[in-house]
$ cat input28.csv   # CSV, N, CA and C atoms
chain,number,residue,atom,x,y,z
A,1199,MET,N,-60.5,11.9,142.0
A,1199,MET,CA,-60.3,13.0,141.2
A,1199,MET,C,-58.9,13.1,140.8
A,1200,THR,N,-58.7,13.5,139.5
A,1200,THR,CA,-57.3,13.6,139.0
A,1200,THR,C,-57.1,15.1,138.6
A,1201,PRO,N,-55.9,15.5,138.3
A,1201,PRO,CA,-55.6,16.9,137.9
A,1201,PRO,C,-56.4,17.3,136.7
A,1202,GLU,N,-56.7,16.4,135.9
A,1202,GLU,CA,-57.5,16.7,134.7
A,1202,GLU,C,-58.9,17.1,135.0
A,1203,HIS,N,-59.4,16.8,136.2
A,1203,HIS,CA,-60.7,17.2,136.7
A,1203,HIS,C,-60.8,18.5,137.5
A,1204,VAL,N,-59.6,19.1,137.6
A,1204,VAL,CA,-59.5,20.3,138.5
A,1204,VAL,C,-58.9,21.5,137.7
A,1205,ALA,N,-59.4,22.7,137.8
A,1205,ALA,CA,-58.8,23.8,137.2
A,1205,ALA,C,-58.5,24.9,138.3
A,1206,VAL,N,-57.2,25.3,138.3
A,1206,VAL,CA,-56.8,26.4,139.2
A,1206,VAL,C,-56.4,27.5,138.3
A,1207,ILE,N,-57.2,28.6,138.4
A,1207,ILE,CA,-57.0,29.8,137.5
A,1207,ILE,C,-56.7,31.0,138.4
A,1208,TYR,N,-55.6,31.6,138.2
A,1208,TYR,CA,-55.2,32.8,138.9
A,1208,TYR,C,-55.7,34.0,138.0
A,1209,VAL,N,-56.5,34.9,138.6
A,1209,VAL,CA,-57.0,36.0,137.9
A,1209,VAL,C,-56.3,37.3,138.4
A,1210,ASP,N,-55.8,38.0,137.4
A,1210,ASP,CA,-55.0,39.2,137.7
A,1210,ASP,C,-55.4,40.4,136.9
A,1211,ARG,N,-55.3,41.6,137.5
A,1211,ARG,CA,-55.5,42.8,136.7
A,1211,ARG,C,-54.3,43.7,136.9
A,1212,PRO,N,-53.4,43.6,136.1
A,1212,PRO,CA,-52.1,44.3,136.2
A,1212,PRO,C,-52.4,45.8,136.3
A,1213,GLU,N,-51.6,46.6,137.1
A,1213,GLU,CA,-51.7,48.0,137.2
A,1213,GLU,C,-51.4,48.6,135.8
A,1214,GLY,N,-52.2,49.6,135.5
A,1214,GLY,CA,-52.0,50.3,134.2
A,1214,GLY,C,-52.6,49.6,133.0
A,1215,ASP,N,-53.1,48.4,133.2
A,1215,ASP,CA,-53.7,47.6,132.1
A,1215,ASP,C,-55.2,47.6,132.3
A,1216,ALA,N,-55.9,47.8,131.2
A,1216,ALA,CA,-57.4,47.9,131.3
A,1216,ALA,C,-58.0,46.5,131.3
A,1217,GLY,N,-57.2,45.5,130.9
A,1217,GLY,CA,-57.8,44.1,130.8
A,1217,GLY,C,-57.5,43.3,132.0
A,1218,THR,N,-58.1,42.1,132.0
A,1218,THR,CA,-57.9,41.1,133.1
A,1218,THR,C,-57.2,39.9,132.5
A,1219,ARG,N,-56.3,39.4,133.2
A,1219,ARG,CA,-55.5,38.2,132.8
A,1219,ARG,C,-55.8,37.0,133.6
A,1220,PHE,N,-56.0,35.9,132.9
A,1220,PHE,CA,-56.3,34.6,133.5
A,1220,PHE,C,-55.2,33.7,133.2
A,1221,LEU,N,-54.6,33.2,134.3
A,1221,LEU,CA,-53.4,32.3,134.2
A,1221,LEU,C,-53.7,31.0,134.8
A,1222,PRO,N,-53.8,29.9,134.0
A,1222,PRO,CA,-54.0,28.6,134.5
A,1222,PRO,C,-52.8,28.1,135.2
A,1223,LEU,N,-52.9,27.4,136.3
A,1223,LEU,CA,-51.8,26.8,137.0
A,1223,LEU,C,-52.0,25.3,137.0
A,1224,ARG,N,-51.0,24.6,136.6
A,1224,ARG,CA,-51.0,23.1,136.6
A,1224,ARG,C,-50.8,22.5,138.0
A,1225,ILE,N,-51.5,21.4,138.3
A,1225,ILE,CA,-51.3,20.7,139.6
A,1225,ILE,C,-50.9,19.3,139.3
A,1226,ASP,N,-50.2,18.7,140.3
A,1226,ASP,CA,-49.8,17.3,140.2
A,1226,ASP,C,-50.9,16.4,140.8
A,1227,GLN,N,-50.6,15.1,140.9
A,1227,GLN,CA,-51.5,14.1,141.4
A,1227,GLN,C,-51.8,14.3,142.9
A,1228,ARG,N,-50.9,15.0,143.6
A,1228,ARG,CA,-51.2,15.3,145.1
A,1228,ARG,C,-51.8,16.7,145.3
A,1229,GLY,N,-52.1,17.4,144.2
A,1229,GLY,CA,-52.7,18.7,144.3
A,1229,GLY,C,-51.7,19.9,144.5
A,1230,GLU,N,-50.4,19.6,144.4
A,1230,GLU,CA,-49.4,20.6,144.5
A,1230,GLU,C,-49.3,21.4,143.2
A,1231,ILE,N,-49.2,22.7,143.3
A,1231,ILE,CA,-49.1,23.5,142.1
A,1231,ILE,C,-47.7,23.4,141.5
A,1232,LEU,N,-47.6,23.1,140.2
A,1232,LEU,CA,-46.4,22.8,139.5
A,1232,LEU,C,-45.7,24.1,139.0
A,1233,ASP,N,-46.5,25.1,138.7
A,1233,ASP,CA,-46.0,26.3,138.0
A,1233,ASP,C,-45.5,27.3,139.1
A,1234,VAL,N,-44.7,28.2,138.7
A,1234,VAL,CA,-44.2,29.3,139.6
A,1234,VAL,C,-45.5,30.1,140.0
A,1235,TRP,N,-45.6,30.4,141.2
A,1235,TRP,CA,-46.8,31.2,141.7
A,1235,TRP,C,-46.6,32.6,141.2
A,1236,PRO,N,-47.7,33.3,140.8
A,1236,PRO,CA,-47.6,34.7,140.4
A,1236,PRO,C,-47.3,35.5,141.6
A,1237,GLY,N,-46.7,36.7,141.4
A,1237,GLY,CA,-46.4,37.6,142.5
A,1237,GLY,C,-47.6,37.9,143.3
A,1238,GLY,N,-47.5,37.8,144.6
A,1238,GLY,CA,-48.6,38.1,145.6
A,1238,GLY,C,-49.5,36.9,145.8
A,1239,PHE,N,-49.3,35.8,145.1
A,1239,PHE,CA,-50.1,34.6,145.3
A,1239,PHE,C,-49.6,33.8,146.4
A,1240,PHE,N,-50.3,33.5,147.4
A,1240,PHE,CA,-49.9,32.8,148.6
A,1240,PHE,C,-48.8,33.4,149.4
A,1241,ASP,N,-48.7,34.7,149.4
A,1241,ASP,CA,-47.6,35.4,150.2
A,1241,ASP,C,-47.7,35.1,151.7
A,1242,GLU,N,-49.0,35.1,152.2
A,1242,GLU,CA,-49.1,34.8,153.6
A,1242,GLU,C,-48.6,33.4,153.9
A,1243,ARG,N,-48.9,32.4,153.1
A,1243,ARG,CA,-48.5,31.0,153.3
A,1243,ARG,C,-46.9,31.0,153.2
A,1244,ASP,N,-46.3,31.7,152.3
A,1244,ASP,CA,-44.9,31.7,152.3
A,1244,ASP,C,-44.3,32.2,153.6
A,1245,GLU,N,-44.9,33.2,154.2
A,1245,GLU,CA,-44.4,33.7,155.5
A,1245,GLU,C,-44.5,32.7,156.5
A,1246,GLU,N,-45.6,31.9,156.5
A,1246,GLU,CA,-45.8,30.9,157.5
A,1246,GLU,C,-44.8,29.8,157.4
A,1247,LEU,N,-44.5,29.4,156.1
A,1247,LEU,CA,-43.6,28.3,155.9
A,1247,LEU,C,-42.1,28.6,156.0
A,1248,PHE,N,-41.7,29.9,155.7
A,1248,PHE,CA,-40.3,30.2,155.6
A,1248,PHE,C,-39.8,31.3,156.6
A,1249,ARG,N,-40.5,31.3,157.8
A,1249,ARG,CA,-40.1,32.3,158.8
A,1249,ARG,C,-38.8,31.8,159.5

$ encode --input "input28.csv" --output "structure tokens"
Amino acid sequence: MTPEHVAVIYVDRPEGDAGTRFLPLRIDQRGEILDVWPGGFFDERDEELFR
């Protein structure tokens, strides 16, 4: 499977906004996310990695 076969979509509903936002995140050949993570995305994992 290559990155072209996978879609990672972050779904957000900003406060005060009536709509929903879909933000595609690119991944590399190893499955690592290339883009900056949206606020709140993987916060728990950050705490595990950077304590």

$ closest_residue --input "input28.csv" --among "A:Glu1213, A:Tyr1208, A:Arg1219, A:His1203" --to "Pro1236 (chain A)" --atoms "only C-alpha atoms"
A:Tyr1208

$ atom_distance --input "input28.csv" --atom1 "atom C of Leu1232 (chain A)" --atom2 "CA of Val1209 (chain A)"
16.4 Å

$ residues_around --input "input28.csv" --residues "Glu1202 (chain A)" --least-positions-apart "5" --cutoff "8 Å" --atoms "all atoms listed in the file" --output "list in words"
Ile1225, Asp1226 and Gln1227 of chain A

$ atom_distance --input "input28.csv" --atom1 "CA of Asp1215 (chain A)" --atom2 "atom C of Ile1231 (chain A)"
26.6 Å

$ atom_distance --input "input28.csv" --atom1 "CA of Gly1214 (chain A)" --atom2 "CA of Trp1235 (chain A)"
21.2 Å

$ residues_around --input "input28.csv" --residues "region 1228-1230 of chain A" --least-positions-apart "3" --cutoff "8 Å" --atoms "all atoms listed in the file" --output "PyMOL selection string"
chain A and resi 1200-1201+1223-1225+1233

$ write_last_selection --input "input28.csv" --atoms "N, CA and C atoms" --output "PDB file, in the frame of the given file"
ATOM      1  N   THR A1200     -58.700  13.500 139.500  1.00  0.00           N
ATOM      2  CA  THR A1200     -57.300  13.600 139.000  1.00  0.00           C
ATOM      3  C   THR A1200     -57.100  15.100 138.600  1.00  0.00           C
ATOM      4  N   PRO A1201     -55.900  15.500 138.300  1.00  0.00           N
ATOM      5  CA  PRO A1201     -55.600  16.900 137.900  1.00  0.00           C
ATOM      6  C   PRO A1201     -56.400  17.300 136.700  1.00  0.00           C
ATOM      7  N   LEU A1223     -52.900  27.400 136.300  1.00  0.00           N
ATOM      8  CA  LEU A1223     -51.800  26.800 137.000  1.00  0.00           C
ATOM      9  C   LEU A1223     -52.000  25.300 137.000  1.00  0.00           C
ATOM     10  N   ARG A1224     -51.000  24.600 136.600  1.00  0.00           N
ATOM     11  CA  ARG A1224     -51.000  23.100 136.600  1.00  0.00           C
ATOM     12  C   ARG A1224     -50.800  22.500 138.000  1.00  0.00           C
ATOM     13  N   ILE A1225     -51.500  21.400 138.300  1.00  0.00           N
ATOM     14  CA  ILE A1225     -51.300  20.700 139.600  1.00  0.00           C
ATOM     15  C   ILE A1225     -50.900  19.300 139.300  1.00  0.00           C
ATOM     16  N   ASP A1233     -46.500  25.100 138.700  1.00  0.00           N
ATOM     17  CA  ASP A1233     -46.000  26.300 138.000  1.00  0.00           C
ATOM     18  C   ASP A1233     -45.500  27.300 139.100  1.00  0.00           C
TER      19      ASP A1233
END
